[in-house]
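Shown here: input29.cif, mmCIF, C-alpha atoms and all ligand atoms.
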data_start
#
loop_
_atom_site.label_atom_id
_atom_site.label_comp_id
_atom_site.auth_asym_id
_atom_site.auth_seq_id
_atom_site.Cartn_x
_atom_site.Cartn_y
_atom_site.Cartn_z
CA MET V 1 -42.75 -109.37 90.84
CA ASP V 2 -43.51 -110.94 87.44
CA ASP V 3 -43.82 -108.93 84.24
CA SER V 4 -47.59 -109.11 83.90
CA ILE V 5 -49.96 -106.14 83.72
CA LEU V 6 -53.34 -105.95 85.46
CA VAL V 7 -56.15 -103.87 83.97
CA VAL V 8 -58.95 -102.78 86.31
CA ASN V 9 -62.32 -101.44 85.15
CA CYS V 10 -64.66 -100.66 88.05
CA GLY V 11 -68.31 -99.87 87.28
CA SER V 12 -70.96 -98.83 89.79
CA SER V 13 -71.87 -102.37 90.87
CA SER V 14 -69.48 -104.51 88.85
CA LEU V 15 -65.84 -104.74 87.87
CA LYS V 16 -63.67 -106.34 85.25
CA LEU V 17 -60.09 -107.42 85.84
CA ALA V 18 -57.81 -108.49 82.98
CA LEU V 19 -54.31 -109.93 83.10
CA PHE V 20 -51.83 -109.32 80.27
CA ASP V 21 -48.31 -110.63 79.73
CA HIS V 22 -45.36 -108.34 78.94
CA ASP V 23 -46.10 -108.65 75.19
CA HIS V 24 -49.62 -107.35 75.87
CA GLN V 25 -51.22 -110.68 75.12
CA LYS V 26 -54.26 -111.26 77.32
CA ILE V 27 -53.72 -114.20 79.71
CA THR V 28 -57.13 -114.16 81.35
CA SER V 29 -59.91 -111.93 82.59
CA ALA V 30 -62.51 -111.97 85.34
CA LEU V 31 -65.77 -110.33 86.24
CA ALA V 32 -67.44 -109.46 89.54
CA GLU V 33 -71.08 -108.42 89.62
CA ARG V 34 -73.76 -107.28 92.07
CA LEU V 35 -71.10 -105.77 94.31
CA ASN V 36 -72.27 -104.36 97.66
CA GLN V 37 -75.32 -106.63 97.40
CA SER V 38 -76.02 -109.84 99.28
CA ASP V 39 -75.60 -111.96 96.13
CA ALA V 40 -72.22 -110.53 95.01
CA PHE V 41 -70.67 -112.87 92.51
CA ALA V 42 -67.28 -113.29 90.76
CA ARG V 43 -65.97 -115.55 88.05
CA ILE V 44 -62.82 -116.01 86.01
CA ASN V 45 -63.80 -116.16 82.33
CA GLY V 46 -63.97 -119.70 81.03
CA ASP V 47 -63.93 -121.09 84.58
CA GLU V 48 -67.13 -122.78 85.74
CA THR V 49 -66.44 -122.54 89.48
CA PRO V 50 -67.22 -119.06 90.80
CA VAL V 51 -64.63 -117.24 92.89
CA HIS V 52 -65.91 -117.03 96.46
CA LEU V 53 -66.91 -113.54 97.58
CA PRO V 54 -68.32 -112.59 100.99
CA SER V 55 -71.95 -111.46 100.95
CA GLY V 56 -72.11 -107.72 100.20
CA ALA V 57 -68.52 -107.78 98.88
CA SER V 58 -67.10 -104.36 98.02
CA HIS V 59 -65.00 -103.51 94.96
CA SER V 60 -61.87 -103.85 97.05
CA GLN V 61 -62.87 -107.26 98.46
CA ALA V 62 -63.70 -108.51 94.97
CA LEU V 63 -60.35 -107.31 93.58
CA ALA V 64 -58.46 -109.02 96.42
CA ALA V 65 -60.39 -112.26 95.85
CA LEU V 66 -59.81 -112.21 92.10
CA VAL V 67 -56.08 -111.46 92.42
CA ASN V 68 -55.80 -114.38 94.87
CA ALA V 69 -57.71 -116.59 92.46
CA PHE V 70 -55.28 -115.64 89.64
CA LYS V 71 -52.39 -116.57 91.95
CA ASP V 72 -54.01 -119.84 93.10
CA ARG V 73 -54.40 -120.87 89.48
CA ALA V 74 -50.76 -119.91 88.82
CA LEU V 75 -51.88 -117.34 86.25
CA MET V 76 -49.79 -114.79 88.14
CA THR V 77 -46.61 -115.74 89.94
CA GLY V 78 -45.77 -112.53 91.81
CA GLY V 79 -47.05 -108.97 91.72
CA PRO V 80 -47.61 -107.34 88.32
CA MET V 81 -45.13 -104.84 86.84
CA ALA V 82 -47.94 -102.31 86.39
CA VAL V 83 -51.64 -101.83 87.06
CA GLY V 84 -53.78 -99.83 84.62
CA HIS V 85 -57.10 -98.36 85.70
CA ARG V 86 -59.94 -97.15 83.53
CA VAL V 87 -61.05 -93.81 84.96
CA VAL V 88 -64.15 -92.28 83.45
CA HIS V 89 -63.71 -88.54 83.99
CA GLY V 90 -60.43 -86.66 83.83
CA GLY V 91 -62.01 -83.25 83.25
CA GLU V 92 -59.65 -80.72 81.64
CA THR V 93 -56.80 -81.88 83.87
CA PHE V 94 -55.83 -85.01 81.96
CA ARG V 95 -55.01 -84.90 78.25
CA GLU V 96 -53.40 -88.33 78.46
CA ALA V 97 -52.89 -91.29 80.78
CA SER V 98 -51.12 -90.53 84.04
CA LEU V 99 -49.00 -92.34 86.61
CA ILE V 100 -51.00 -92.30 89.82
CA ASP V 101 -49.64 -90.32 92.76
CA ASP V 102 -51.36 -88.28 95.47
CA GLN V 103 -51.84 -85.38 93.07
CA THR V 104 -53.51 -87.61 90.47
CA VAL V 105 -55.84 -89.04 93.11
CA SER V 106 -56.85 -85.52 94.22
CA ALA V 107 -57.50 -84.51 90.62
CA ILE V 108 -59.68 -87.60 90.03
CA GLU V 109 -61.56 -86.73 93.24
CA ALA V 110 -62.03 -83.19 91.97
CA CYS V 111 -63.66 -84.54 88.78
CA ALA V 112 -66.06 -86.77 90.75
CA ALA V 113 -68.81 -84.14 90.71
CA LEU V 114 -68.91 -84.57 86.91
CA ALA V 115 -69.08 -88.38 87.12
CA PRO V 116 -70.57 -89.22 90.51
CA LEU V 117 -71.45 -92.79 89.52
CA HIS V 118 -68.01 -93.59 88.14
CA ASN V 119 -65.03 -91.67 89.54
CA PRO V 120 -65.62 -92.71 93.19
CA VAL V 121 -65.67 -96.44 92.26
CA ASN V 122 -62.67 -95.93 89.96
CA LEU V 123 -60.86 -94.47 92.99
CA ALA V 124 -61.98 -97.41 95.15
CA GLY V 125 -60.30 -99.71 92.59
CA ILE V 126 -57.12 -97.62 92.65
CA ARG V 127 -56.94 -97.65 96.44
CA ALA V 128 -57.58 -101.41 96.58
CA MET V 129 -54.79 -102.15 94.11
CA GLN V 130 -52.40 -99.74 95.87
CA ALA V 131 -53.05 -101.65 99.10
CA LEU V 132 -52.48 -105.01 97.40
CA PHE V 133 -49.38 -103.88 95.46
CA PRO V 134 -47.88 -100.86 97.27
CA ASN V 135 -44.66 -100.83 95.22
CA VAL V 136 -46.17 -101.36 91.78
CA PRO V 137 -46.75 -98.34 89.48
CA GLN V 138 -50.43 -97.64 88.91
CA VAL V 139 -51.64 -95.78 85.85
CA ALA V 140 -54.96 -94.02 85.21
CA VAL V 141 -56.33 -94.07 81.64
CA PHE V 142 -59.19 -91.62 81.20
CA ASP V 143 -62.28 -92.00 78.98
CA THR V 144 -62.24 -88.25 78.43
CA ALA V 145 -58.52 -87.68 77.72
CA TYR V 146 -58.56 -88.45 73.99
CA HIS V 147 -61.23 -85.78 73.45
CA GLN V 148 -59.16 -82.99 74.99
CA THR V 149 -58.12 -82.02 71.45
CA LEU V 150 -61.67 -80.90 70.60
CA PRO V 151 -61.62 -77.29 69.36
CA GLU V 152 -63.47 -74.81 71.54
CA ARG V 153 -66.26 -74.43 68.97
CA ALA V 154 -66.99 -78.15 69.43
CA TYR V 155 -66.71 -78.37 73.20
CA ARG V 156 -68.51 -75.20 74.29
CA TYR V 157 -72.27 -75.12 74.91
CA ALA V 158 -74.12 -71.96 73.94
CA LEU V 159 -74.61 -71.06 77.61
CA PRO V 160 -73.51 -68.05 79.66
CA GLU V 161 -69.71 -68.02 79.98
CA ARG V 162 -69.87 -68.46 83.77
CA CYS V 163 -71.27 -71.98 83.34
CA TYR V 164 -67.96 -72.92 81.74
CA SER V 165 -65.57 -70.80 83.76
CA ASP V 166 -67.17 -71.32 87.19
CA TRP V 167 -68.53 -74.84 86.92
CA GLY V 168 -66.68 -76.54 84.07
CA VAL V 169 -69.85 -76.98 82.00
CA ARG V 170 -68.58 -78.03 78.57
CA ARG V 171 -68.57 -81.09 76.36
CA TYR V 172 -65.91 -83.60 77.48
CA GLY V 173 -66.78 -86.73 75.49
CA PHE V 174 -66.31 -90.34 76.61
CA HIS V 175 -65.31 -93.75 75.18
CA GLY V 176 -62.04 -91.98 74.31
CA THR V 177 -59.95 -95.13 74.75
CA SER V 178 -62.09 -97.00 72.24
CA HIS V 179 -62.12 -94.15 69.70
CA TYR V 180 -58.33 -93.80 70.06
CA PHE V 181 -57.98 -97.53 69.35
CA MET V 182 -60.22 -97.14 66.27
CA ALA V 183 -58.00 -94.32 64.97
CA HIS V 184 -54.97 -96.59 65.22
CA GLU V 185 -56.56 -99.81 63.98
CA ALA V 186 -58.30 -98.11 61.06
CA ALA V 187 -55.02 -96.49 60.02
CA ARG V 188 -53.31 -99.88 60.14
CA LEU V 189 -56.04 -101.53 58.07
CA LEU V 190 -56.02 -98.66 55.57
CA ASP V 191 -52.24 -98.85 55.29
CA LYS V 192 -51.85 -95.32 56.62
CA THR V 193 -50.65 -93.75 59.85
CA PRO V 194 -53.05 -92.31 62.45
CA ALA V 195 -51.55 -88.87 61.80
CA THR V 196 -52.56 -89.04 58.15
CA SER V 197 -55.98 -90.65 58.45
CA SER V 198 -59.38 -89.21 59.23
CA ILE V 199 -62.30 -91.36 60.29
CA ILE V 200 -65.73 -91.32 61.86
CA SER V 201 -65.76 -93.84 64.70
CA ALA V 202 -69.12 -95.18 65.94
CA HIS V 203 -68.85 -97.04 69.26
CA LEU V 204 -72.18 -98.82 69.73
CA GLY V 205 -72.44 -100.86 72.94
CA ASN V 206 -74.75 -100.37 75.90
CA GLY V 207 -73.45 -96.81 75.82
CA CYS V 208 -73.07 -95.33 72.34
CA SER V 209 -70.98 -92.46 71.02
CA ILE V 210 -69.57 -91.26 67.74
CA THR V 211 -66.37 -89.30 67.16
CA ALA V 212 -64.89 -87.37 64.25
CA ILE V 213 -61.15 -88.03 64.11
CA GLN V 214 -59.07 -85.71 61.90
CA ASN V 215 -55.47 -86.80 61.35
CA GLY V 216 -55.55 -88.98 64.45
CA LEU V 217 -57.08 -86.37 66.78
CA SER V 218 -60.59 -86.23 68.19
CA VAL V 219 -62.24 -83.08 66.81
CA ASP V 220 -65.90 -83.70 67.64
CA THR V 221 -67.85 -86.25 69.61
CA SER V 222 -71.46 -86.93 70.51
CA MET V 223 -71.26 -87.32 74.30
CA GLY V 224 -71.00 -84.13 76.31
CA LEU V 225 -70.72 -82.98 79.91
CA THR V 226 -71.91 -86.47 80.85
CA PRO V 227 -72.31 -89.71 78.86
CA LEU V 228 -76.02 -88.96 78.42
CA GLU V 229 -75.76 -86.67 75.39
CA GLY V 230 -75.87 -87.77 71.77
CA LEU V 231 -76.96 -91.10 70.37
CA VAL V 232 -79.81 -93.33 71.55
CA MET V 233 -78.33 -95.94 73.92
CA GLY V 234 -79.47 -99.05 75.80
CA THR V 235 -81.23 -97.21 78.62
CA ARG V 236 -80.07 -93.61 78.00
CA SER V 237 -82.10 -91.18 75.94
CA GLY V 238 -79.27 -89.35 74.20
CA ASP V 239 -80.26 -85.84 73.01
CA VAL V 240 -83.55 -84.41 74.22
CA ASP V 241 -84.92 -80.89 74.15
CA PRO V 242 -83.70 -79.17 77.35
CA GLY V 243 -87.22 -77.68 77.55
CA LEU V 244 -88.25 -81.17 78.64
CA PHE V 245 -86.94 -80.54 82.16
CA ASP V 246 -89.34 -77.66 82.82
CA TYR V 247 -92.20 -79.49 81.25
CA LEU V 248 -91.66 -82.65 83.30
CA ALA V 249 -91.24 -80.53 86.45
CA SER V 250 -94.68 -79.07 85.73
CA ARG V 251 -95.95 -82.64 85.60
CA GLY V 252 -94.55 -83.30 89.08
CA MET V 253 -91.22 -84.95 88.32
CA SER V 254 -88.21 -83.97 90.44
CA ALA V 255 -84.70 -83.46 89.02
CA GLY V 256 -83.80 -86.85 90.51
CA ASP V 257 -86.77 -88.54 88.81
CA VAL V 258 -85.84 -87.01 85.45
CA HIS V 259 -82.19 -88.05 85.88
CA GLU V 260 -83.26 -91.61 86.66
CA MET V 261 -85.66 -91.73 83.71
CA LEU V 262 -83.20 -90.33 81.16
CA ASN V 263 -80.37 -92.60 82.30
CA LYS V 264 -82.08 -95.84 83.20
CA GLU V 265 -85.52 -96.03 81.61
CA SER V 266 -85.05 -94.44 78.21
CA GLY V 267 -83.19 -95.29 74.99
CA LEU V 268 -83.93 -98.71 73.48
CA GLN V 269 -85.50 -99.79 76.76
CA GLY V 270 -87.86 -96.83 76.88
CA LEU V 271 -88.92 -96.95 73.24
CA SER V 272 -89.47 -100.70 73.12
CA GLY V 273 -90.91 -101.05 76.61
CA GLN V 274 -89.18 -104.44 76.61
CA THR V 275 -85.40 -104.50 76.69
CA ASN V 276 -82.18 -102.50 76.38
CA ASP V 277 -80.51 -105.40 74.58
CA MET V 278 -80.23 -104.87 70.83
CA ARG V 279 -80.03 -108.57 69.97
CA THR V 280 -83.27 -109.30 71.84
CA LEU V 281 -84.84 -106.24 70.26
CA CYS V 282 -84.03 -107.54 66.76
CA GLU V 283 -85.65 -110.87 67.64
CA LEU V 284 -88.75 -109.13 69.00
CA ALA V 285 -89.00 -106.97 65.87
CA ASP V 286 -88.73 -110.12 63.72
CA HIS V 287 -91.77 -111.46 65.59
CA GLY V 288 -93.74 -108.35 64.69
CA HIS V 289 -93.30 -106.36 67.91
CA GLU V 290 -93.76 -102.83 66.56
CA PRO V 291 -92.32 -100.82 69.49
CA SER V 292 -89.10 -102.85 69.15
CA GLN V 293 -88.93 -102.02 65.44
CA LEU V 294 -89.51 -98.38 66.28
CA ALA V 295 -86.66 -98.47 68.82
CA ILE V 296 -84.36 -99.87 66.12
CA ASP V 297 -85.51 -97.26 63.60
CA VAL V 298 -84.96 -94.34 65.98
CA PHE V 299 -81.56 -95.74 67.00
CA CYS V 300 -80.39 -96.06 63.37
CA PHE V 301 -81.84 -92.76 62.19
CA ARG V 302 -80.26 -90.82 65.07
CA LEU V 303 -76.96 -92.53 64.37
CA ALA V 304 -77.15 -91.66 60.66
CA ARG V 305 -77.91 -88.01 61.51
CA TYR V 306 -74.85 -87.92 63.74
CA ILE V 307 -72.66 -89.48 61.06
CA GLY V 308 -73.75 -86.65 58.78
CA ALA V 309 -73.09 -84.10 61.55
CA MET V 310 -69.57 -85.42 62.15
CA THR V 311 -68.57 -84.65 58.55
CA ALA V 312 -68.75 -80.93 59.42
CA SER V 313 -65.56 -81.41 61.46
CA LEU V 314 -63.54 -83.23 58.80
CA THR V 315 -61.73 -82.05 55.70
CA LYS V 316 -61.50 -85.61 54.38
CA LEU V 317 -62.88 -89.02 55.32
CA ASP V 318 -60.88 -92.23 55.02
CA ALA V 319 -63.43 -94.55 56.65
CA LEU V 320 -66.59 -94.89 58.68
CA VAL V 321 -65.82 -97.38 61.45
CA PHE V 322 -68.30 -99.46 63.49
CA THR V 323 -67.35 -100.98 66.84
CA GLY V 324 -68.81 -102.06 70.23
CA GLY V 325 -71.18 -105.01 70.76
CA ILE V 326 -73.80 -103.65 68.33
CA GLY V 327 -71.39 -102.10 65.83
CA GLU V 328 -69.29 -105.26 65.62
CA ASN V 329 -72.09 -107.80 65.52
CA SER V 330 -75.21 -106.38 63.95
CA ALA V 331 -75.21 -106.30 60.14
CA ARG V 332 -78.83 -105.20 60.37
CA ILE V 333 -78.09 -102.08 62.41
CA ARG V 334 -75.19 -101.14 60.13
CA GLN V 335 -77.42 -101.58 57.06
CA ASN V 336 -80.40 -99.76 58.59
CA THR V 337 -78.10 -96.86 59.46
CA THR V 338 -76.22 -96.51 56.20
CA ARG V 339 -79.39 -96.67 54.13
CA HIS V 340 -79.99 -93.08 55.34
CA LEU V 341 -76.58 -92.05 53.97
CA HIS V 342 -77.09 -92.28 50.20
CA LEU V 343 -76.37 -88.60 49.79
CA LEU V 344 -73.03 -89.10 51.51
CA GLY V 345 -72.33 -91.98 49.14
CA ILE V 346 -71.72 -94.66 51.76
CA GLU V 347 -72.92 -97.99 50.37
CA LEU V 348 -72.48 -101.35 52.09
CA ASP V 349 -71.84 -104.61 50.31
CA PRO V 350 -74.61 -106.89 51.69
CA ASP V 351 -72.42 -109.98 51.67
CA LEU V 352 -69.39 -108.30 53.27
CA ASN V 353 -71.67 -106.65 55.81
CA GLU V 354 -73.18 -110.00 56.75
CA HIS V 355 -69.90 -111.92 56.88
CA HIS V 356 -67.24 -109.29 57.55
CA GLY V 357 -65.48 -111.59 60.02
CA ARG V 358 -64.09 -113.59 57.14
CA TRP V 359 -62.22 -110.61 55.73
CA SER V 360 -59.21 -109.55 57.67
CA ASP V 361 -59.37 -105.90 56.62
CA GLY V 362 -62.83 -105.44 58.21
CA ARG V 363 -64.22 -103.78 55.07
CA ILE V 364 -68.01 -103.96 54.62
CA SER V 365 -68.55 -101.23 51.99
CA SER V 366 -69.13 -101.95 48.32
CA PRO V 367 -66.32 -101.10 45.86
CA ASP V 368 -68.29 -98.11 44.52
CA SER V 369 -68.96 -96.62 47.97
CA ARG V 370 -67.54 -93.09 48.07
CA TYR V 371 -66.04 -93.83 51.49
CA PRO V 372 -65.03 -97.20 52.94
CA ALA V 373 -66.94 -98.59 55.93
CA LEU V 374 -65.10 -100.91 58.33
CA VAL V 375 -65.95 -103.12 61.29
CA ILE V 376 -63.19 -103.17 63.91
CA PRO V 377 -63.47 -104.98 67.27
CA THR V 378 -62.62 -102.57 70.05
CA ASN V 379 -60.07 -103.41 72.72
CA GLU V 380 -59.98 -100.82 75.47
CA GLU V 381 -58.24 -103.21 77.88
CA LEU V 382 -55.32 -103.58 75.48
CA VAL V 383 -54.89 -99.79 75.24
CA ILE V 384 -54.94 -99.54 79.05
CA ALA V 385 -52.40 -102.38 79.37
CA ARG V 386 -50.09 -100.69 76.83
CA GLU V 387 -50.38 -97.31 78.51
CA ALA V 388 -49.79 -98.85 81.95
CA SER V 389 -46.59 -100.62 80.89
CA ARG V 390 -45.36 -97.60 78.89
CA LEU V 391 -45.80 -95.17 81.78
CA ALA V 392 -44.52 -97.67 84.36
CA ALA V 393 -41.36 -98.18 82.30
CA ALA V 394 -40.94 -94.41 81.80
CA GLY V 395 -41.45 -93.87 85.56
CA THR V 396 -38.82 -96.48 86.41
CA GLU V 397 -36.32 -94.95 83.96
CA HIS V 398 -37.02 -91.53 85.43
CA SER V 399 -36.45 -92.72 89.01
CA GLU V 400 -33.19 -94.39 87.92
CA GLU V 401 -31.81 -91.18 86.37
P1 LIG V 501 -70.85 -102.58 76.90
O1 LIG V 501 -71.07 -101.18 76.42
O2 LIG V 501 -71.56 -102.88 78.18
O3 LIG V 501 -69.41 -103.05 76.85
P2 LIG V 501 -71.18 -104.22 74.53
O4 LIG V 501 -70.18 -103.44 73.75
O5 LIG V 501 -70.86 -105.63 74.88
O6 LIG V 501 -71.65 -103.49 75.85
O7 LIG V 501 -72.55 -104.19 73.67
C1 LIG V 501 -73.72 -104.77 74.17
C2 LIG V 501 -74.79 -104.62 73.11
O8 LIG V 501 -74.38 -105.33 71.93
C3 LIG V 501 -76.12 -105.24 73.54
O9 LIG V 501 -77.20 -104.38 73.18
C4 LIG V 501 -76.17 -106.52 72.72
O10 LIG V 501 -77.48 -106.97 72.46
C5 LIG V 501 -75.51 -106.04 71.44
N1 LIG V 501 -75.15 -107.16 70.57
C6 LIG V 501 -74.22 -108.11 70.76
N2 LIG V 501 -74.27 -109.02 69.75
C7 LIG V 501 -75.27 -108.62 68.91
C8 LIG V 501 -75.84 -109.11 67.69
N3 LIG V 501 -75.38 -110.22 67.12
N4 LIG V 501 -76.85 -108.42 67.13
C9 LIG V 501 -77.34 -107.30 67.69
N5 LIG V 501 -76.84 -106.79 68.84
C10 LIG V 501 -75.84 -107.43 69.44
#

Would you mind giving the structure from this file in structure tokens?
Amino acid sequence: MDDSILVVNCGSSSLKLALFDHDHQKITSALAERLNQSDAFARINGDETPVHLPSGASHSQALAALVNAFKDRALMTGGPMAVGHRVVHGGETFREASLIDDQTVSAIEACAALAPLHNPVNLAGIRAMQALFPNVPQVAVFDTAYHQTLPERAYRYALPERCYSDWGVRRYGFHGTSHYFMAHEAARLLDKTPATSSIISAHLGNGCSITAIQNGLSVDTSMGLTPLEGLVMGTRSGDVDPGLFDYLASRGMSAGDVHEMLNKESGLQGLSGQTNDMRTLCELADHGHEPSQLAIDVFCFRLARYIGAMTASLTKLDALVFTGGIGENSARIRQNTTRHLHLLGIELDPDLNEHHGRWSDGRISSPDSRYPALVIPTNEELVIAREASRLAAAGTEHSEE
């Protein structure tokens, strides 16, 4: 065994594997795509030669191939000291990361009904790594766990009580690992501690969510029972009127059709009719493509409304934080969003907003902004690596007692 840590993130048809050293420095990472399809493909980042996968490779075959490739390239010498897994849904069972044992696996299975696209593949990743490294502690880090501090008034829907008590229908929230990282990084940049800082964290990637964090704890968030609620996203609609379901049924759409449309054909993709990719959308809008401009406008306006909504959960605000591929890279989206927030007094400095990378404190707001705005690159893999080594070490100490 060496003292490295592996971080596994299995998506429905892809996976990411990252390797960290014992100081939590990333050594390398790898990606496998189009899993379970004839053209399954894997690659170590920065390496031109693909890693060979059999046609139709499963998540477990891809993980085995990538671990072997790490070993062949002498990136890993033995087994890791811990494996951390991103698990999407932990329901109300998991308030924090957990060492994986049979009970944890059963609880993740029990939450699969709430995340049918994610929890089963997360479990496939866990089982594959347990088979490869039977004696290595495995740790599950849940997207939902950080939001378990939401007060009941924020997590309950105004539905009959039985929906919650019989079926677990409530708001869970997602992207928790990223929002947790924002709470800690923002506190560091603001020269505070997480327990004394309150922020609004906007994670804007292909999926988008926003969280109100009061004294380090998540107190409100935009995603709900599933990751479909809230902001406009790449292909997801975010909030719609629930009356839509009846109306579309009357037009002949089945529940499955509506699910598919809201998750895969809506959001930026649906509004623009062109792409779910914000960078491409900005280019199209620059060339006069009006539906792309509309998609950007709806995205930014919805985000600004949610920023306003999040203030209802906070007694103070130390910073508005942008992260995720869009939040970190698009000065235009940050500007288009904050221009709706004059009443809140958030003003960006155009130069800092455009070139924030040059300033180490991530600040993009003007000096007279009532609240600072920051850009902070997210790093969910690092959080998972830290949690995996922390719990593995605690587990080892425990078993030695
Ligand atoms: P994921 O949620 O899959 O991890 P990312 O966080 O990488 O996704 O975010 C992907 C999104 O970020 C895409 O819409 C992409 O176009 C957008 N993005 C990345 N760079 C830029 C940029 N310079 N300007 C606008 N959008 C960008």

Checklist entry - Within 12 Å of (-61.8, -98.7, 96.9), all atoms listed in the file: residues as a ChimeraX atom specification? => result /V:8,10-12,15,35-36,57-64,105,118-132

Residue subset to file, keeping C-alpha atoms, as a short mmCIF file (atom, residue, chain, number, x, y, z; two decimals), in the coordinates of the input:
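Result file again.cif:
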data_model
loop_
_atom_site.label_atom_id
_atom_site.label_comp_id
_atom_site.auth_asym_id
_atom_site.auth_seq_id
_atom_site.Cartn_x
_atom_site.Cartn_y
_atom_site.Cartn_z
CA VAL V 8 -58.95 -102.78 86.31
CA CYS V 10 -64.66 -100.66 88.05
CA GLY V 11 -68.31 -99.87 87.28
CA SER V 12 -70.96 -98.83 89.79
CA LEU V 15 -65.84 -104.74 87.87
CA LEU V 35 -71.10 -105.77 94.31
CA ASN V 36 -72.27 -104.36 97.66
CA ALA V 57 -68.52 -107.78 98.88
CA SER V 58 -67.10 -104.36 98.02
CA HIS V 59 -65.00 -103.51 94.96
CA SER V 60 -61.87 -103.85 97.05
CA GLN V 61 -62.87 -107.26 98.46
CA ALA V 62 -63.70 -108.51 94.97
CA LEU V 63 -60.35 -107.31 93.58
CA ALA V 64 -58.46 -109.02 96.42
CA VAL V 105 -55.84 -89.04 93.11
CA HIS V 118 -68.01 -93.59 88.14
CA ASN V 119 -65.03 -91.67 89.54
CA PRO V 120 -65.62 -92.71 93.19
CA VAL V 121 -65.67 -96.44 92.26
CA ASN V 122 -62.67 -95.93 89.96
CA LEU V 123 -60.86 -94.47 92.99
CA ALA V 124 -61.98 -97.41 95.15
CA GLY V 125 -60.30 -99.71 92.59
CA ILE V 126 -57.12 -97.62 92.65
CA ARG V 127 -56.94 -97.65 96.44
CA ALA V 128 -57.58 -101.41 96.58
CA MET V 129 -54.79 -102.15 94.11
CA GLN V 130 -52.40 -99.74 95.87
CA ALA V 131 -53.05 -101.65 99.10
CA LEU V 132 -52.48 -105.01 97.40
#

**Asked** Given a cut-off of 6 Å, what residues near ligand LIG 501 (chain V) show up using all atoms listed in the file, put as a ChimeraX atom specification?
**Response** /V:205-207,277-279,324-326,329-330

Please, could you write that set of residues out with C-alpha atoms as a tab-separated table (two decimals), in the coordinates of the input?
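As a result, out32.tsv now contains:
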chain	number	residue	atom	x	y	z
V	205	GLY	CA	-72.44	-100.86	72.94
V	206	ASN	CA	-74.75	-100.37	75.90
V	207	GLY	CA	-73.45	-96.81	75.82
V	277	ASP	CA	-80.51	-105.40	74.58
V	278	MET	CA	-80.23	-104.87	70.83
V	279	ARG	CA	-80.03	-108.57	69.97
V	324	GLY	CA	-68.81	-102.06	70.23
V	325	GLY	CA	-71.18	-105.01	70.76
V	326	ILE	CA	-73.80	-103.65	68.33
V	329	ASN	CA	-72.09	-107.80	65.52
V	330	SER	CA	-75.21	-106.38	63.95

Contacts of segment 63-165 of chain V with segment 177-198 of chain V up to 8 Å, shortest pair per row, all atoms listed in the file, as a Markdown table:
| residue | atom | partner | partner_atom | distance |
| --- | --- | --- | --- | --- |
| V:Val141 | CA | V:Thr177 | CA | 7.9 |
| V:Phe142 | CA | V:Thr177 | CA | 7.4 |
| V:Asp143 | CA | V:Thr177 | CA | 5.8 |
| V:Tyr146 | CA | V:Tyr180 | CA | 6.6 |

Using all atoms listed in the file, determine which residues lie at most 12 Å from Ala309 of chain V, disregarding the query and same-chain residues fewer than 2 positions distant; provide the list as an MDAnalysis selection string. chainID V and resid 154 200 210:212 220:222 230:231 302:307 311:314 341 344

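Residue neighbourhood of Cys208 of chain V, excluding near-sequence residues (fewer than 3 positions): Ala202, His203, Leu204, Gly205, Leu231, Val232 and Met233 of chain V, at 8 Å, using all atoms listed in the file.
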
Residue subset to file, keeping C-alpha atoms, as a short mmCIF file (atom, residue, chain, number, x, y, z; two decimals), keeping the file's coordinate frame:
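See out.cif below for the written result:
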data_model
loop_
_atom_site.label_atom_id
_atom_site.label_comp_id
_atom_site.auth_asym_id
_atom_site.auth_seq_id
_atom_site.Cartn_x
_atom_site.Cartn_y
_atom_site.Cartn_z
CA ALA V 202 -69.12 -95.18 65.94
CA HIS V 203 -68.85 -97.04 69.26
CA LEU V 204 -72.18 -98.82 69.73
CA GLY V 205 -72.44 -100.86 72.94
CA LEU V 231 -76.96 -91.10 70.37
CA VAL V 232 -79.81 -93.33 71.55
CA MET V 233 -78.33 -95.94 73.92
#

Expressed in Å, the length from atom CA of Val321 of chain V to atom CA of Leu150 of chain V is 19.3 Å

For Leu75 of chain V, the closest of V:Ser366, V:Asn379, V:Asn45, V:Ser4 counting all atoms listed in the file is V:Ser4

Long-range neighbours of Pro372 of chain V as a PDB file with C-alpha atoms, in the frame of the given file, 9 Å cut-off, all atoms listed in the file, 2 positions minimum in chain:
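The resulting file, result_34.pdb, is reproduced below:
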ATOM      1  CA  LEU V 317     -62.880 -89.020  55.320  1.00  0.00           C
ATOM      2  CA  ASP V 318     -60.880 -92.230  55.020  1.00  0.00           C
ATOM      3  CA  ALA V 319     -63.430 -94.550  56.650  1.00  0.00           C
ATOM      4  CA  LEU V 320     -66.590 -94.890  58.680  1.00  0.00           C
ATOM      5  CA  VAL V 321     -65.820 -97.380  61.450  1.00  0.00           C
ATOM      6  CA  ILE V 346     -71.720 -94.660  51.760  1.00  0.00           C
ATOM      7  CA  GLU V 347     -72.920 -97.990  50.370  1.00  0.00           C
ATOM      8  CA  LEU V 348     -72.480-101.350  52.090  1.00  0.00           C
ATOM      9  CA  ARG V 363     -64.220-103.780  55.070  1.00  0.00           C
ATOM     10  CA  ILE V 364     -68.010-103.960  54.620  1.00  0.00           C
ATOM     11  CA  SER V 365     -68.550-101.230  51.990  1.00  0.00           C
ATOM     12  CA  SER V 366     -69.130-101.950  48.320  1.00  0.00           C
ATOM     13  CA  PRO V 367     -66.320-101.100  45.860  1.00  0.00           C
ATOM     14  CA  SER V 369     -68.960 -96.620  47.970  1.00  0.00           C
ATOM     15  CA  ARG V 370     -67.540 -93.090  48.070  1.00  0.00           C
ATOM     16  CA  LEU V 374     -65.100-100.910  58.330  1.00  0.00           C
TER      17      LEU V 374
END
